[in-house]
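File shown: data_17.tsv (TSV, C-alpha atoms).
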```
chain	number	residue	atom	x	y	z
A	2	MET	CA	0.00	0.00	0.00
A	3	ALA	CA	1.53	3.28	-1.06
A	4	VAL	CA	1.68	5.82	1.71
A	5	GLU	CA	2.49	9.41	1.05
A	6	ASP	CA	4.49	10.99	3.78
A	7	ILE	CA	5.14	14.69	3.37
A	8	GLY	CA	8.66	15.89	3.74
A	9	SER	CA	10.38	12.60	4.39
A	10	GLY	CA	9.89	10.67	1.18
A	11	CYS	CA	9.05	7.39	2.88
A	12	SER	CA	8.87	4.45	0.54
A	13	SER	CA	5.85	2.26	0.86
A	14	SER	CA	6.90	-1.37	1.10
A	15	GLY	CA	5.71	-2.84	4.38
A	16	ASP	CA	8.35	-5.54	4.67
A	17	GLN	CA	11.18	-3.03	4.45
A	18	GLU	CA	9.92	-1.15	7.47
A	19	PHE	CA	12.41	-0.42	10.20
A	20	HIS	CA	10.70	-1.35	13.44
A	21	VAL	CA	11.67	0.58	16.53
A	22	LEU	CA	10.60	-0.19	20.07
A	23	ALA	CA	10.56	3.05	22.05
A	24	VAL	CA	10.58	2.95	25.84
A	25	ASP	CA	9.84	6.04	27.95
A	26	ASP	CA	7.78	6.58	31.08
A	27	SER	CA	6.89	10.14	30.01
A	28	ILE	CA	3.75	10.31	27.90
A	29	ILE	CA	4.97	13.54	26.35
A	30	ASP	CA	8.30	12.09	25.35
A	31	ARG	CA	6.65	8.95	24.03
A	32	LYS	CA	4.44	11.01	21.77
A	33	VAL	CA	7.37	13.05	20.50
A	34	ILE	CA	9.72	10.13	19.89
A	35	GLU	CA	6.94	8.21	18.18
A	36	ARG	CA	6.38	11.12	15.81
A	37	LEU	CA	10.10	11.60	15.22
A	38	LEU	CA	10.44	7.94	14.28
A	39	LYS	CA	7.32	7.82	12.10
A	40	ILE	CA	8.39	10.92	10.22
A	41	SER	CA	11.71	9.13	9.61
A	42	CYS	CA	9.83	6.21	8.07
A	43	CYS	CA	10.04	3.84	10.97
A	44	LYS	CA	7.36	1.59	12.31
A	45	VAL	CA	7.04	2.35	16.03
A	46	THR	CA	5.86	0.49	19.10
A	47	ALA	CA	5.95	2.69	22.19
A	48	VAL	CA	5.79	1.33	25.73
A	49	ASP	CA	5.98	3.05	29.07
A	50	SER	CA	8.40	0.86	31.02
A	51	GLY	CA	11.30	-1.53	30.83
A	52	SER	CA	9.18	-4.42	32.05
A	53	ARG	CA	6.59	-3.78	29.35
A	54	ALA	CA	9.39	-3.65	26.80
A	55	LEU	CA	10.64	-7.05	27.94
A	56	GLN	CA	7.10	-8.42	27.84
A	57	TYR	CA	6.73	-7.16	24.28
A	58	LEU	CA	10.04	-8.69	23.27
A	59	GLY	CA	8.98	-11.98	24.77
A	60	ILE	CA	11.96	-12.24	27.06
A	61	ASP	CA	9.86	-13.68	29.81
A	62	GLY	CA	9.29	-16.64	27.55
A	63	GLU	CA	5.65	-15.94	26.89
A	64	ARG	CA	6.06	-15.52	23.19
A	65	SER	CA	7.02	-18.36	20.88
A	66	SER	CA	10.03	-17.92	18.63
A	67	LEU	CA	7.72	-17.83	15.60
A	68	GLU	CA	5.88	-14.83	16.93
A	69	PHE	CA	9.16	-13.21	17.83
A	70	ASP	CA	10.41	-13.42	14.24
A	71	GLU	CA	7.27	-11.75	12.99
A	72	LEU	CA	7.72	-9.11	15.62
A	73	LYS	CA	11.20	-8.24	14.30
A	74	VAL	CA	12.36	-5.27	16.30
A	75	ASN	CA	15.27	-3.58	14.55
A	76	LEU	CA	16.16	-1.07	17.23
A	77	ILE	CA	15.30	-0.32	20.83
A	78	ILE	CA	15.43	3.28	21.98
A	79	THR	CA	14.98	3.82	25.68
A	80	ASP	CA	14.99	6.59	28.23
A	81	TYR	CA	17.60	6.17	30.95
A	82	SER	CA	15.73	7.49	34.00
A	83	MET	CA	12.59	5.46	34.49
A	84	PRO	CA	10.96	4.25	37.70
A	85	GLY	CA	11.18	0.52	38.34
A	86	MET	CA	13.69	-0.50	35.71
A	87	THR	CA	16.12	2.09	34.38
A	88	GLY	CA	17.15	2.16	30.73
A	89	TYR	CA	20.52	0.84	31.82
A	90	GLU	CA	18.94	-2.15	33.56
A	91	LEU	CA	16.83	-2.80	30.48
A	92	LEU	CA	19.96	-2.62	28.33
A	93	LYS	CA	21.68	-5.20	30.54
A	94	LYS	CA	18.71	-7.55	30.34
A	95	ILE	CA	18.61	-7.27	26.56
A	96	LYS	CA	22.34	-7.79	26.12
A	97	GLY	CA	22.16	-10.68	28.57
A	98	SER	CA	19.58	-12.47	26.49
A	99	THR	CA	20.74	-14.81	23.71
A	100	LYS	CA	17.51	-14.11	21.86
A	101	LEU	CA	17.69	-10.34	22.04
A	102	ARG	CA	21.31	-9.29	22.35
A	103	GLN	CA	21.65	-8.67	18.60
A	104	ILE	CA	19.12	-5.86	18.72
A	105	PRO	CA	20.86	-2.48	18.91
A	106	VAL	CA	19.87	-0.39	21.92
A	107	VAL	CA	20.07	3.40	22.08
A	108	ILE	CA	19.81	5.26	25.36
A	109	MET	CA	18.28	8.74	25.76
A	110	SER	CA	18.91	10.99	28.72
A	111	SER	CA	18.34	14.59	29.71
A	112	GLU	CA	21.40	14.48	31.95
A	113	ASN	CA	24.86	14.80	30.53
A	114	ILE	CA	26.76	12.55	32.92
A	115	LEU	CA	29.94	11.08	31.46
A	116	ALA	CA	30.01	8.15	33.85
A	117	ARG	CA	26.49	7.28	32.81
A	118	ILE	CA	27.29	7.51	29.11
A	119	ASP	CA	30.41	5.37	29.53
A	120	ARG	CA	28.56	2.79	31.56
A	121	CYS	CA	25.88	2.44	28.89
A	122	LEU	CA	28.34	2.19	26.03
A	123	GLU	CA	30.39	-0.35	27.98
A	124	GLU	CA	27.29	-2.43	28.46
A	125	GLY	CA	26.72	-2.49	24.72
A	126	ALA	CA	24.52	0.50	23.93
A	127	GLU	CA	24.79	1.56	20.32
A	128	ASP	CA	24.49	5.26	21.03
A	129	PHE	CA	23.58	7.73	23.70
A	130	LEU	CA	21.33	10.64	22.78
A	131	MET	CA	20.80	13.81	24.77
A	132	LYS	CA	17.21	14.85	25.32
A	133	PRO	CA	15.30	16.57	23.93
A	134	VAL	CA	15.89	14.28	20.97
A	135	GLN	CA	15.68	16.05	17.62
A	136	LEU	CA	14.76	15.01	14.12
A	137	SER	CA	18.41	15.18	13.05
A	138	ASP	CA	19.34	12.67	15.79
A	139	VAL	CA	16.72	10.18	14.65
A	140	GLU	CA	17.58	10.60	10.99
A	141	ARG	CA	21.26	10.10	11.68
A	142	LEU	CA	20.45	7.01	13.72
A	143	ARG	CA	18.21	5.54	11.07
A	144	ASP	CA	20.70	6.21	8.28
A	145	PHE	CA	23.46	4.69	10.36
A	146	MET	CA	21.41	1.59	11.11
A	147	LEU	CA	20.36	1.11	7.52
A	148	ARG	CA	23.83	1.63	6.12
A	149	GLY	CA	25.49	-0.68	8.62
A	150	GLY	CA	27.77	1.95	10.05
A	151	GLU	CA	30.67	2.37	7.59
A	152	GLU	CA	30.17	6.03	6.76
A	153	GLU	CA	29.38	6.96	10.35
A	154	ARG	CA	32.64	5.43	11.48
A	155	GLU	CA	34.49	7.65	9.00
A	156	LEU	CA	32.59	10.72	10.15
A	157	GLY	CA	33.25	9.89	13.76
A	158	ARG	CA	36.99	9.58	13.20
A	159	LYS	CA	37.01	13.09	11.70
A	160	ARG	CA	35.04	14.51	14.63
A	161	LYS	CA	37.12	13.10	17.45
A	162	THR	CA	38.60	15.70	19.81
A	163	PRO	CA	42.26	15.28	20.87
A	164	ASP	CA	41.42	14.68	24.51
A	165	ASP	CA	38.13	12.94	23.98
A	166	SER	CA	37.06	10.85	26.83
A	167	CYS	CA	35.62	7.89	25.01
A	168	ASP	CA	37.83	4.88	25.06
A	169	CYS	CA	37.75	3.71	21.48
A	170	ARG	CA	38.75	0.12	21.88
A	171	PRO	CA	36.36	-2.49	20.49
A	172	LEU	CA	33.65	-2.92	23.05
A	173	ARG	CA	31.65	-5.64	21.40
A	174	LYS	CA	32.40	-8.62	19.18
A	175	ARG	CA	30.31	-7.56	16.21
A	176	PRO	CA	31.35	-4.49	14.15
A	177	THR	CA	31.17	-1.66	16.63
A	178	PRO	CA	29.73	1.75	15.83
A	179	LEU	CA	32.58	3.41	17.66
A	180	ALA	CA	32.12	6.52	15.57
A	181	THR	CA	28.58	6.92	16.79
A	182	ALA	CA	29.73	6.47	20.36
A	183	CYS	CA	32.50	9.01	19.83
A	184	SER	CA	30.33	11.49	18.00
A	185	SER	CA	27.57	11.46	20.58
A	186	THR	CA	30.11	11.81	23.37
A	187	PHE	CA	31.58	14.69	21.39
A	188	ARG	CA	28.18	16.31	21.23
A	189	ALA	CA	27.68	15.72	24.93
A	190	LEU	CA	31.01	17.42	25.64
A	191	GLU	CA	29.69	20.61	24.13
A	192	GLU	CA	27.33	20.98	27.07
A	193	PRO	CA	28.11	21.48	30.75
A	194	VAL	CA	29.37	18.18	32.07
A	195	ILE	CA	28.57	16.50	35.37
A	196	VAL	CA	31.32	14.09	36.21
A	197	HIS	CA	30.02	12.52	39.40
A	198	GLU	CA	26.66	10.88	39.52
A	199	SER	CA	25.04	10.65	42.94
B	2	MET	CA	-7.73	39.80	3.19
B	3	GLU	CA	-7.07	42.44	5.78
B	4	ILE	CA	-8.19	40.44	8.81
B	5	VAL	CA	-6.01	37.46	7.92
B	6	GLY	CA	-3.01	39.73	7.41
B	7	GLN	CA	-3.52	41.37	10.77
B	8	LEU	CA	-3.94	38.08	12.56
B	9	GLN	CA	-0.88	36.65	10.87
B	10	LYS	CA	1.19	39.63	11.92
B	11	GLN	CA	-0.10	39.32	15.47
B	12	PHE	CA	0.86	35.67	15.43
B	13	VAL	CA	4.38	36.29	14.17
B	14	ASP	CA	4.96	39.15	16.62
B	15	PHE	CA	3.64	37.13	19.51
B	16	SER	CA	5.68	34.02	18.64
B	17	THR	CA	8.81	36.10	18.30
B	18	SER	CA	8.26	37.77	21.65
B	19	LEU	CA	7.73	34.41	23.35
B	20	ASN	CA	11.08	33.33	22.07
B	21	HIS	CA	12.86	36.57	22.99
B	22	GLU	CA	11.40	36.60	26.48
B	23	GLY	CA	12.55	33.05	27.02
B	24	PHE	CA	9.14	31.45	27.37
B	25	LEU	CA	9.66	29.12	24.45
B	26	ASP	CA	12.97	27.96	23.06
B	27	GLU	CA	14.23	26.19	19.96
B	28	GLN	CA	12.62	22.91	20.99
B	29	TYR	CA	9.17	24.39	20.38
B	30	LEU	CA	10.22	25.09	16.79
B	31	GLN	CA	11.44	21.50	16.54
B	32	LEU	CA	7.97	20.31	17.51
B	33	GLN	CA	6.41	22.48	14.84
B	34	LYS	CA	8.62	20.79	12.26
B	35	LEU	CA	6.92	17.53	13.18
B	36	GLN	CA	3.48	18.90	12.34
B	37	ASP	CA	2.14	18.58	8.82
B	38	GLU	CA	-1.07	17.89	6.92
B	39	SER	CA	-1.05	14.29	8.10
B	40	ASN	CA	-0.65	15.42	11.72
B	41	PRO	CA	-2.12	18.93	11.82
B	42	ASP	CA	-2.74	19.00	15.57
B	43	PHE	CA	0.51	17.46	16.71
B	44	VAL	CA	1.86	20.44	18.65
B	45	CYS	CA	-1.47	21.13	20.31
B	46	GLU	CA	-1.77	17.47	21.33
B	47	VAL	CA	1.70	17.36	22.83
B	48	VAL	CA	1.12	20.62	24.67
B	49	SER	CA	-2.21	19.35	26.03
B	50	LEU	CA	-0.44	16.30	27.40
B	51	PHE	CA	2.08	18.67	28.96
B	52	PHE	CA	-0.68	20.69	30.62
B	53	ASP	CA	-2.29	17.57	32.13
B	54	ASP	CA	1.02	16.15	33.25
B	55	SER	CA	2.21	19.44	34.73
B	56	GLU	CA	-0.90	20.04	36.78
B	57	LYS	CA	-0.62	16.55	38.25
B	58	LEU	CA	3.03	17.16	39.05
B	59	LEU	CA	2.31	20.48	40.73
B	60	ASN	CA	-0.28	18.79	42.93
B	61	ASN	CA	2.12	15.96	43.74
B	62	LEU	CA	4.80	18.47	44.64
B	63	ALA	CA	2.49	20.41	46.93
B	64	THR	CA	1.49	17.18	48.68
B	65	ALA	CA	5.05	15.93	48.99
B	66	LEU	CA	6.23	19.21	50.51
B	67	GLN	CA	3.37	19.21	53.02
B	68	GLN	CA	4.39	15.91	54.61
B	69	GLN	CA	5.54	15.83	58.23
B	70	VAL	CA	8.79	14.34	57.09
B	71	VAL	CA	9.54	15.52	53.58
B	72	ASP	CA	10.98	12.91	51.24
B	73	PHE	CA	13.30	15.10	49.18
B	74	LYS	CA	14.15	12.24	46.86
B	75	GLN	CA	10.50	11.96	45.95
B	76	VAL	CA	10.22	15.72	45.51
B	77	ASP	CA	13.29	15.64	43.29
B	78	ALA	CA	11.81	12.82	41.23
B	79	HIS	CA	8.72	14.94	40.50
B	80	VAL	CA	10.83	17.98	39.62
B	81	HIS	CA	13.02	15.85	37.39
B	82	GLN	CA	9.93	14.69	35.52
B	83	PHE	CA	8.71	18.25	35.20
B	84	LYS	CA	12.10	19.38	33.96
B	85	GLY	CA	11.99	16.65	31.32
B	86	SER	CA	8.54	17.43	30.03
B	87	SER	CA	9.04	21.19	29.96
B	88	SER	CA	12.30	20.68	28.12
B	89	SER	CA	10.56	18.42	25.60
B	90	ILE	CA	8.09	21.11	24.61
B	91	GLY	CA	10.52	24.02	24.82
B	92	ALA	CA	9.08	25.69	27.93
B	93	GLN	CA	12.43	27.19	28.83
B	94	ARG	CA	11.55	29.29	31.87
B	95	VAL	CA	9.71	26.38	33.46
B	96	LYS	CA	12.67	24.13	32.79
B	97	ASN	CA	15.11	26.61	34.31
B	98	MET	CA	12.93	26.90	37.38
B	99	CYS	CA	13.09	23.12	37.73
B	100	VAL	CA	16.87	23.22	37.63
B	101	ALA	CA	16.92	25.68	40.53
B	102	PHE	CA	14.32	23.60	42.36
B	103	ARG	CA	16.47	20.48	42.09
B	104	ASN	CA	19.35	22.27	43.75
B	105	PHE	CA	17.18	22.99	46.78
B	106	CYS	CA	16.08	19.35	46.84
B	107	GLU	CA	19.68	18.28	46.93
B	108	GLU	CA	20.33	20.61	49.83
B	109	LYS	CA	17.15	19.36	51.53
B	110	ASN	CA	16.19	23.02	51.88
B	111	LEU	CA	12.45	23.02	52.59
B	112	ASP	CA	12.02	26.79	52.46
B	113	GLY	CA	13.89	26.93	49.20
B	114	CYS	CA	11.73	24.18	47.80
B	115	LEU	CA	8.51	25.85	48.87
B	116	ARG	CA	9.58	29.13	47.29
B	117	CYS	CA	10.56	27.30	44.12
B	118	LEU	CA	7.22	25.58	43.96
B	119	GLN	CA	5.47	28.94	44.03
B	120	GLN	CA	7.72	30.31	41.33
B	121	LEU	CA	7.33	27.15	39.30
B	122	LYS	CA	3.54	27.44	39.47
B	123	HIS	CA	3.81	31.04	38.39
B	124	GLU	CA	6.03	30.24	35.41
B	125	TYR	CA	3.90	27.30	34.42
B	126	PHE	CA	0.64	29.24	34.38
B	127	LEU	CA	2.34	32.06	32.50
B	128	VAL	CA	3.52	29.79	29.71
B	129	LYS	CA	0.20	27.96	29.68
B	130	ASN	CA	-1.55	31.25	29.12
B	131	LYS	CA	0.88	32.21	26.36
B	132	LEU	CA	0.47	28.88	24.58
B	133	GLU	CA	-3.32	29.07	24.78
B	134	THR	CA	-3.14	32.53	23.24
B	135	LEU	CA	-0.90	31.20	20.50
B	136	PHE	CA	-3.27	28.35	19.69
B	137	ARG	CA	-6.21	30.74	19.73
B	138	LEU	CA	-4.48	32.98	17.20
B	139	GLU	CA	-3.79	29.97	14.99
B	140	ARG	CA	-7.45	28.97	15.10
B	141	GLN	CA	-8.55	32.50	14.26
B	142	ILE	CA	-6.22	32.62	11.26
B	143	VAL	CA	-7.51	29.32	9.94
B	144	GLU	CA	-11.14	30.30	10.56
B	145	ALA	CA	-10.55	33.52	8.65
B	146	GLY	CA	-9.36	31.45	5.72
B	147	GLY	CA	-5.63	32.03	6.10
B	148	THR	CA	-2.65	29.81	6.78
B	149	VAL	CA	-0.55	29.94	9.92
B	150	PRO	CA	2.89	31.48	9.25
B	151	VAL	CA	5.88	29.23	9.80
B	152	ILE	CA	8.32	30.72	12.27
B	153	GLY	CA	12.08	30.11	12.07
```
Conversion result in structure tokens:
Amino acid sequence: MAVEDIGSGCSSSGDQEFHVLAVDDSIIDRKVIERLLKISCCKVTAVDSGSRALQYLGIDGERSSLEFDELKVNLIITDYSMPGMTGYELLKKIKGSTKLRQIPVVIMSSENILARIDRCLEEGAEDFLMKPVQLSDVERLRDFMLRGGEEERELGRKRKTPDDSCDCRPLRKRPTPLATACSSTFRALEEPVIVHES
Amino acid sequence: MEIVGQLQKQFVDFSTSLNHEGFLDEQYLQLQKLQDESNPDFVCEVVSLFFDDSEKLLNNLATALQQQVVDFKQVDAHVHQFKGSSSSIGAQRVKNMCVAFRNFCEEKNLDGCLRCLQQLKHEYFLVKNKLETLFRLERQIVEAGGTVPVIG
């Protein structure tokens, strides 16, 4: 079914759709991220907590593997600060699951805390976005995901600051989007930095 | 059409002043970029959610600060949420008030918190009023047969 989407030139084919699971306890932020993703031609499922995200992904074993394949989540984007289960805890659960660990996870946070960013990247997060998330962030993310990261890595190498704090050794076995990690840390460094997290 | 022109000018002037006076920042413009013919009420819907959420938070804050033994972590959690939502819609002065409020929470300064709550309420109702005026102007322009100017 052809769908006309003004301003973003979305193509129509349903089976090419990039499916993003968005996790945020704020109803306002959920609405905004959902719109940002839809306008960037993604299919979106938005949930309000880490536990609901895990339920949806079938990690509690409720869903059969057949259903899971149909579900096909291509990316998980989650807020960091959530009651109950933080985005970091959700990340750990996903990366600790044989079924789900391949799914890239992006963390969003309104607080620019280096220790937090490092911790998330160490745990396997693909990227760390500062809130409020903008259209350019989502578009960059989507392009990066679809292209498999080569160009972003090049871009990231050019953007690195001499004393940048990200430790660019391979963090994960599969090809690592180190450039994305570096570039988002670089962006974070432009803002006032809190080093110690209480 | 004279009326449309006047209304459009009013709208542009008002929007510009809201930005200059710090009521709304760049993020509000970002939200407007997400509105189009397929989602013509997007900004209004998000802002309505913000109004509902904010009024709940203000009540929660008042309650939390009235407790015999104030749980400053809880107060901070509410303010953090408010800071997030105001930031998401570009309500800059509200957001800045939340930042100050959080400092008092950290210090466990009850008087400071109470004063901040009053100021926060004030800023919130100010921006609410401004946004309602903005939406009203938009409606008037559309009803008069014009299109709403794009700012920025």
Could you give me, as a tab-separated table, every chain B residue with an atom at most 10 Å from chain A, plus its closest atom pair and distance in Å to one decimal, counting only C-alpha atoms, rows ordered by chain then number?
```
residue	atom	partner	partner_atom	distance
B:Gln28	CA	A:Pro133	CA	7.5
B:Gln31	CA	A:Gln135	CA	7.0
B:Leu32	CA	A:Val33	CA	7.9
B:Lys34	CA	A:Leu136	CA	8.6
B:Leu35	CA	A:Arg36	CA	6.9
B:Gln36	CA	A:Arg36	CA	9.0
B:Asp37	CA	A:Ile7	CA	7.3
B:Glu38	CA	A:Ile7	CA	7.8
B:Ser39	CA	A:Asp6	CA	7.8
B:Asn40	CA	A:Arg36	CA	9.2
B:Phe43	CA	A:Arg36	CA	8.7
B:Val44	CA	A:Val33	CA	9.4
B:Glu46	CA	A:Lys32	CA	9.0
B:Val47	CA	A:Ile29	CA	6.1
B:Val48	CA	A:Ile29	CA	8.2
B:Ser49	CA	A:Ile29	CA	9.2
B:Leu50	CA	A:Ile29	CA	6.2
B:Phe51	CA	A:Ile29	CA	6.4
B:Asp54	CA	A:Ile29	CA	8.4
B:Ala78	CA	A:Pro84	CA	9.3
B:His81	CA	A:Ser82	CA	9.4
B:Gln82	CA	A:Ser27	CA	7.8
B:Phe83	CA	A:Ser27	CA	9.8
B:Lys84	CA	A:Ser111	CA	8.9
B:Gly85	CA	A:Ser111	CA	6.9
B:Ser86	CA	A:Ile29	CA	6.4
B:Ser87	CA	A:Ile29	CA	9.4
B:Ser88	CA	A:Pro133	CA	6.6
B:Ser89	CA	A:Pro133	CA	5.4
B:Ile90	CA	A:Ile29	CA	8.4
B:Gly91	CA	A:Pro133	CA	8.9
```
Output C-alpha atoms of each residue in that selection to a file, as a PDB file, in the frame of the given file.
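Output contents, as saved in result_33.pdb:
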```
ATOM      1  CA  GLN B  28      12.620  22.910  20.990  1.00  0.00           C
ATOM      2  CA  GLN B  31      11.440  21.500  16.540  1.00  0.00           C
ATOM      3  CA  LEU B  32       7.970  20.310  17.510  1.00  0.00           C
ATOM      4  CA  LYS B  34       8.620  20.790  12.260  1.00  0.00           C
ATOM      5  CA  LEU B  35       6.920  17.530  13.180  1.00  0.00           C
ATOM      6  CA  GLN B  36       3.480  18.900  12.340  1.00  0.00           C
ATOM      7  CA  ASP B  37       2.140  18.580   8.820  1.00  0.00           C
ATOM      8  CA  GLU B  38      -1.070  17.890   6.920  1.00  0.00           C
ATOM      9  CA  SER B  39      -1.050  14.290   8.100  1.00  0.00           C
ATOM     10  CA  ASN B  40      -0.650  15.420  11.720  1.00  0.00           C
ATOM     11  CA  PHE B  43       0.510  17.460  16.710  1.00  0.00           C
ATOM     12  CA  VAL B  44       1.860  20.440  18.650  1.00  0.00           C
ATOM     13  CA  GLU B  46      -1.770  17.470  21.330  1.00  0.00           C
ATOM     14  CA  VAL B  47       1.700  17.360  22.830  1.00  0.00           C
ATOM     15  CA  VAL B  48       1.120  20.620  24.670  1.00  0.00           C
ATOM     16  CA  SER B  49      -2.210  19.350  26.030  1.00  0.00           C
ATOM     17  CA  LEU B  50      -0.440  16.300  27.400  1.00  0.00           C
ATOM     18  CA  PHE B  51       2.080  18.670  28.960  1.00  0.00           C
ATOM     19  CA  ASP B  54       1.020  16.150  33.250  1.00  0.00           C
ATOM     20  CA  ALA B  78      11.810  12.820  41.230  1.00  0.00           C
ATOM     21  CA  HIS B  81      13.020  15.850  37.390  1.00  0.00           C
ATOM     22  CA  GLN B  82       9.930  14.690  35.520  1.00  0.00           C
ATOM     23  CA  PHE B  83       8.710  18.250  35.200  1.00  0.00           C
ATOM     24  CA  LYS B  84      12.100  19.380  33.960  1.00  0.00           C
ATOM     25  CA  GLY B  85      11.990  16.650  31.320  1.00  0.00           C
ATOM     26  CA  SER B  86       8.540  17.430  30.030  1.00  0.00           C
ATOM     27  CA  SER B  87       9.040  21.190  29.960  1.00  0.00           C
ATOM     28  CA  SER B  88      12.300  20.680  28.120  1.00  0.00           C
ATOM     29  CA  SER B  89      10.560  18.420  25.600  1.00  0.00           C
ATOM     30  CA  ILE B  90       8.090  21.110  24.610  1.00  0.00           C
ATOM     31  CA  GLY B  91      10.520  24.020  24.820  1.00  0.00           C
TER      32      GLY B  91
END
```
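For region 143-151 of chain B, the set of protein, DNA and RNA residues having any atom at most 7 Å away, when counting all atoms listed in the file and skipping those fewer than 3 positions along the same chain, is Val5, Gln9, Glu139 and Arg140 of chain B.
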Please define a box with edges along x, y and z of the file around all atoms of region 75-92 of chain A given in the file, extend it by 5 Å on each side, and return its centre and edge lengths in Å to one decimal, as lines of an AutoDock Vina configuration file.
```
center_x = 15.7
center_y = 2.0
center_z = 26.4
size_x = 19.6
size_y = 21.1
size_z = 33.8
```
Compile the contact shell of Phe24 (chain B) as a short mmCIF file (atom, residue, chain, number, x, y, z; two decimals) with C-alpha atoms, in the coordinates of the input: residues with an atom at most 9 Å away, counting all atoms listed in the file, same-chain residues fewer than 6 positions apart removed.
```
data_model
loop_
_atom_site.label_atom_id
_atom_site.label_comp_id
_atom_site.auth_asym_id
_atom_site.auth_seq_id
_atom_site.Cartn_x
_atom_site.Cartn_y
_atom_site.Cartn_z
CA SER B 18 8.26 37.77 21.65
CA GLY B 91 10.52 24.02 24.82
CA ALA B 92 9.08 25.69 27.93
CA GLN B 93 12.43 27.19 28.83
CA ARG B 94 11.55 29.29 31.87
CA VAL B 95 9.71 26.38 33.46
CA GLU B 124 6.03 30.24 35.41
CA LEU B 127 2.34 32.06 32.50
CA VAL B 128 3.52 29.79 29.71
CA LYS B 131 0.88 32.21 26.36
#
```
Note to self: For a test of reading the model, state the distance in Å between CA of Lys122 (chain B) and CA of Phe136 (chain B), rounded to one decimal.
What the structure shows: 20.9 Å
Checklist line | Contacts of Ser98 (chain A) at 12 Å (all atoms listed in the file; same-chain gap of 5+ positions) as a list in words | finding: Leu55, Leu58, Gly59, Ile60, Asp61, Gly62, Leu91, Leu92, Lys93, Gln103 and Ile104 of chain A
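In this comparison, which uses only C-alpha atoms, the residue of A:Ala126, A:Ile95, A:Leu142, A:Met109 approaching Cys43 (chain A) most closely is A:Leu142.
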Notebook entry, point to check: CA of Leu59 (chain B) and CA of Gly88 (chain A) are how many Å apart?
Noted result: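 Atom-to-atom, CA of Leu59 (chain B) to CA of Gly88 (chain A), that is 25.6 Å.
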Next item on the list: Find the residue from A:Glu18, A:Asp119, A:Asp49, A:Glu140 that sits nearest to Tyr89 (chain A); use only C-alpha atoms when measuring.
Entry: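 The closest residue to Tyr89 (chain A) is A:Asp119.
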